[in-house]
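To keep things clear, I will list the structure first and then write my remarks on it.
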Amino acid sequence: MENLDQFDILIIKELEKDGRMAYSTIAANLKISNTMVHQRVNRLMEQGVLLGIKPVINEKKAGYDWGSFTGITLNKDQDSTRIIEELKKIPEITECYYITGLFTLYIKISARNHEHMRKILYEKIDNIPGISKTDSIMELGCAFKRNVSL
């Protein structure tokens with residue numbers, strides 16, 4: 001861990017319960033000063049331990065009923081930086097990973113319906129120069145999603 005002490009971990013756990021929780025509430029819950037919470041959160045963000053405090057969107061309730069995990073094969077793996085920049089321009093792609101095995105990249109796509117998914121795959125992703133093949137697995141629902149336990 002990035003030099004996390006027990007107070008850092010406790011502050012993070014409080015924020016996981018409710019990312020909108022006031023620092024003063026966290027301070028009262030942990031019996032520490034508001035200033036300490038503020039300084040710790042800022043430090044954790046500067047260190048990159050906390051990437052931000054954002055809402056967690058229920059994609060299904062927001063109208064995105066289709067999801068896929070898609071492996072991408074590239075013509076040349078050294079083109080991955082350029083291709084990733086192109087993938088970032090597609091808002092329906094919510095995650096992208098470097099992986100080992102049959103594919104170079106693995107992405108998560110959220111779409112409104114099957115036609116929307118088809119357009120993302122065939123009209124957006126397949127038109128990026130350097131992508132030779134995609135292979136998708138459709139998700140049927142998220143059993144759980146969580147942060148790593150500290």
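Residues are named by chain letter and number: chains run A, B, ... in the order of the structure tokens, numbers start at 1 in each chain, and ligands are numbered from 1 in the order shown.
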Picked from region 77-117 of chain A by DSSP as alpha helix (DSSP H), as number ranges by chain: A: 80-88, 114-117
For region 73-85 of chain A: contacts at 8 Å, only C-alpha atoms, fewer than 3 positions along chain excluded, given as a list in words: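 The residues satisfying every condition are Lys88, Lys89, Cys96, Leu102, Phe103, Thr104, Leu105, Ile128, Pro129, Gly130, Ile131, Ser132, Lys133 and Thr134 of chain A.
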Residues of region 30-85 of chain A in strand (DSSP E or B), written as a ChimeraX atom specification: /A:66-74
Residues from last step as file, N, CA and C atoms, as an mmCIF file, in the first residue's frame:
data_model
loop_
_atom_site.group_PDB
_atom_site.id
_atom_site.type_symbol
_atom_site.label_atom_id
_atom_site.label_comp_id
_atom_site.auth_asym_id
_atom_site.auth_seq_id
_atom_site.Cartn_x
_atom_site.Cartn_y
_atom_site.Cartn_z
ATOM 1 N N TRP A 66 -27.557 -3.183 -22.138
ATOM 2 C CA TRP A 66 -26.635 -4.165 -22.722
ATOM 3 C C TRP A 66 -25.205 -3.841 -22.330
ATOM 4 N N GLY A 67 -24.470 -4.866 -21.946
ATOM 5 C CA GLY A 67 -23.055 -4.699 -21.634
ATOM 6 C C GLY A 67 -22.256 -5.823 -22.262
ATOM 7 N N SER A 68 -21.027 -5.501 -22.625
ATOM 8 C CA SER A 68 -20.163 -6.561 -23.158
ATOM 9 C C SER A 68 -18.749 -6.378 -22.634
ATOM 10 N N PHE A 69 -18.048 -7.486 -22.583
ATOM 11 C CA PHE A 69 -16.617 -7.500 -22.349
ATOM 12 C C PHE A 69 -16.026 -7.921 -23.686
ATOM 13 N N THR A 70 -15.190 -7.073 -24.253
ATOM 14 C CA THR A 70 -14.712 -7.290 -25.615
ATOM 15 C C THR A 70 -13.194 -7.331 -25.655
ATOM 16 N N GLY A 71 -12.670 -8.429 -26.181
ATOM 17 C CA GLY A 71 -11.237 -8.554 -26.408
ATOM 18 C C GLY A 71 -10.893 -7.948 -27.753
ATOM 19 N N ILE A 72 -9.792 -7.229 -27.810
ATOM 20 C CA ILE A 72 -9.372 -6.578 -29.049
ATOM 21 C C ILE A 72 -7.996 -7.098 -29.443
ATOM 22 N N THR A 73 -7.896 -7.560 -30.686
ATOM 23 C CA THR A 73 -6.630 -7.984 -31.265
ATOM 24 C C THR A 73 -6.144 -6.865 -32.174
ATOM 25 N N LEU A 74 -4.882 -6.483 -32.017
ATOM 26 C CA LEU A 74 -4.308 -5.411 -32.823
ATOM 27 C C LEU A 74 -3.415 -5.984 -33.915
#
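Pairwise distance (CA of Ala28 (chain A), CA of Arg43 (chain A)) equals 19.8 Å.
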Neighbour list for region 110-125 of chain A as a PyMOL selection string, cut-off 9 Å, only C-alpha atoms, skip fewer than 2 positions in-chain: chain A and resi 59-60+62-68+86-87+90-94+108+127-128+131+134
Export, as a PDB file, in the first residue's frame, the selected residues with N, CA and C atoms.
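Heads up, here's the output in out37.pdb:
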ATOM      1  N   GLU A  59     -26.004   1.529 -14.463  1.00  0.00           N
ATOM      2  CA  GLU A  59     -26.126   1.641 -15.918  1.00  0.00           C
ATOM      3  C   GLU A  59     -27.487   1.172 -16.424  1.00  0.00           C
ATOM      4  N   LYS A  60     -28.009   0.104 -15.848  1.00  0.00           N
ATOM      5  CA  LYS A  60     -29.309  -0.422 -16.280  1.00  0.00           C
ATOM      6  C   LYS A  60     -30.412   0.608 -16.061  1.00  0.00           C
ATOM      7  N   ALA A  62     -30.062   3.738 -15.908  1.00  0.00           N
ATOM      8  CA  ALA A  62     -29.795   4.901 -16.752  1.00  0.00           C
ATOM      9  C   ALA A  62     -30.099   4.604 -18.220  1.00  0.00           C
ATOM     10  N   GLY A  63     -30.639   3.414 -18.506  1.00  0.00           N
ATOM     11  CA  GLY A  63     -31.053   3.080 -19.869  1.00  0.00           C
ATOM     12  C   GLY A  63     -30.038   2.290 -20.674  1.00  0.00           C
ATOM     13  N   TYR A  64     -28.958   1.842 -20.047  1.00  0.00           N
ATOM     14  CA  TYR A  64     -27.949   1.046 -20.745  1.00  0.00           C
ATOM     15  C   TYR A  64     -28.125  -0.413 -20.334  1.00  0.00           C
ATOM     16  N   ASP A  65     -29.011  -1.117 -21.062  1.00  0.00           N
ATOM     17  CA  ASP A  65     -29.387  -2.488 -20.708  1.00  0.00           C
ATOM     18  C   ASP A  65     -28.421  -3.548 -21.216  1.00  0.00           C
ATOM     19  N   TRP A  66     -27.557  -3.183 -22.138  1.00  0.00           N
ATOM     20  CA  TRP A  66     -26.635  -4.165 -22.722  1.00  0.00           C
ATOM     21  C   TRP A  66     -25.205  -3.841 -22.330  1.00  0.00           C
ATOM     22  N   GLY A  67     -24.470  -4.866 -21.946  1.00  0.00           N
ATOM     23  CA  GLY A  67     -23.055  -4.699 -21.634  1.00  0.00           C
ATOM     24  C   GLY A  67     -22.256  -5.823 -22.262  1.00  0.00           C
ATOM     25  N   SER A  68     -21.027  -5.501 -22.625  1.00  0.00           N
ATOM     26  CA  SER A  68     -20.163  -6.561 -23.158  1.00  0.00           C
ATOM     27  C   SER A  68     -18.749  -6.378 -22.634  1.00  0.00           C
ATOM     28  N   GLU A  86      -7.980   6.468 -29.344  1.00  0.00           N
ATOM     29  CA  GLU A  86      -9.205   6.415 -30.163  1.00  0.00           C
ATOM     30  C   GLU A  86     -10.359   5.791 -29.377  1.00  0.00           C
ATOM     31  N   LEU A  87     -10.074   4.745 -28.614  1.00  0.00           N
ATOM     32  CA  LEU A  87     -11.111   4.101 -27.804  1.00  0.00           C
ATOM     33  C   LEU A  87     -11.661   5.059 -26.750  1.00  0.00           C
ATOM     34  N   ILE A  90     -14.823   7.049 -27.496  1.00  0.00           N
ATOM     35  CA  ILE A  90     -16.118   6.355 -27.563  1.00  0.00           C
ATOM     36  C   ILE A  90     -16.675   6.308 -26.138  1.00  0.00           C
ATOM     37  N   PRO A  91     -17.679   7.137 -25.828  1.00  0.00           N
ATOM     38  CA  PRO A  91     -18.133   7.253 -24.435  1.00  0.00           C
ATOM     39  C   PRO A  91     -18.735   5.977 -23.856  1.00  0.00           C
ATOM     40  N   GLU A  92     -19.205   5.088 -24.680  1.00  0.00           N
ATOM     41  CA  GLU A  92     -19.799   3.842 -24.195  1.00  0.00           C
ATOM     42  C   GLU A  92     -18.760   2.844 -23.690  1.00  0.00           C
ATOM     43  N   ILE A  93     -17.489   3.080 -24.006  1.00  0.00           N
ATOM     44  CA  ILE A  93     -16.408   2.243 -23.476  1.00  0.00           C
ATOM     45  C   ILE A  93     -16.039   2.818 -22.122  1.00  0.00           C
ATOM     46  N   THR A  94     -16.305   2.050 -21.071  1.00  0.00           N
ATOM     47  CA  THR A  94     -16.116   2.553 -19.715  1.00  0.00           C
ATOM     48  C   THR A  94     -14.831   2.062 -19.044  1.00  0.00           C
ATOM     49  N   LYS A 108     -14.739  -2.808 -21.593  1.00  0.00           N
ATOM     50  CA  LYS A 108     -16.127  -2.954 -21.125  1.00  0.00           C
ATOM     51  C   LYS A 108     -16.936  -1.920 -21.888  1.00  0.00           C
ATOM     52  N   ASN A 127     -13.799   0.473 -37.067  1.00  0.00           N
ATOM     53  CA  ASN A 127     -13.273   1.471 -37.997  1.00  0.00           C
ATOM     54  C   ASN A 127     -11.985   2.123 -37.512  1.00  0.00           C
ATOM     55  N   ILE A 128     -11.496   1.707 -36.346  1.00  0.00           N
ATOM     56  CA  ILE A 128     -10.230   2.255 -35.849  1.00  0.00           C
ATOM     57  C   ILE A 128      -9.088   1.516 -36.551  1.00  0.00           C
ATOM     58  N   ILE A 131      -6.929  -2.124 -35.563  1.00  0.00           N
ATOM     59  CA  ILE A 131      -7.667  -3.192 -34.880  1.00  0.00           C
ATOM     60  C   ILE A 131      -7.960  -4.266 -35.912  1.00  0.00           C
ATOM     61  N   THR A 134     -12.251  -8.164 -33.045  1.00  0.00           N
ATOM     62  CA  THR A 134     -12.845  -8.049 -31.713  1.00  0.00           C
ATOM     63  C   THR A 134     -13.612  -9.332 -31.421  1.00  0.00           C
TER      64      THR A 134
END
Shell of 9 Å around Glu95 (chain A), only C-alpha atoms, local chain residues under 6 positions omitted, as a list of chain:residue names: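 Here the qualifying residues turn out to be A:Tyr106, A:Ile107, A:Lys108, A:Ile109.
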d(CA of Val49 (chain A), CA of Leu150 (chain A)) in Å: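 CA of Leu150 (chain A) lies at a distance of 11.5 Å from CA of Val49 (chain A).
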Polymer residues at most 12 Å from Thr25 (chain A), only C-alpha atoms, same-chain spacing of 2 or more positions, as a PyMOL selection string: chain A and resi 11+14-15+18-23+27-35+37-38
Counting only C-alpha atoms, the option among A:Ala143, A:Ile26, A:Met36, A:Leu4 closest to Leu50 (chain A):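 The closest residue to Leu50 (chain A) is A:Leu4.
Restricting the calculation to only C-alpha atoms, the smallest distance between Arg40 (chain A) and any of A:Ser149, A:Ile9, A:Glu139, A:Tyr97 is found for A:Ile9.
For the pair CA of Phe7 (chain A) and CA of Val41 (chain A), the interatomic distance is 10.5 Å.
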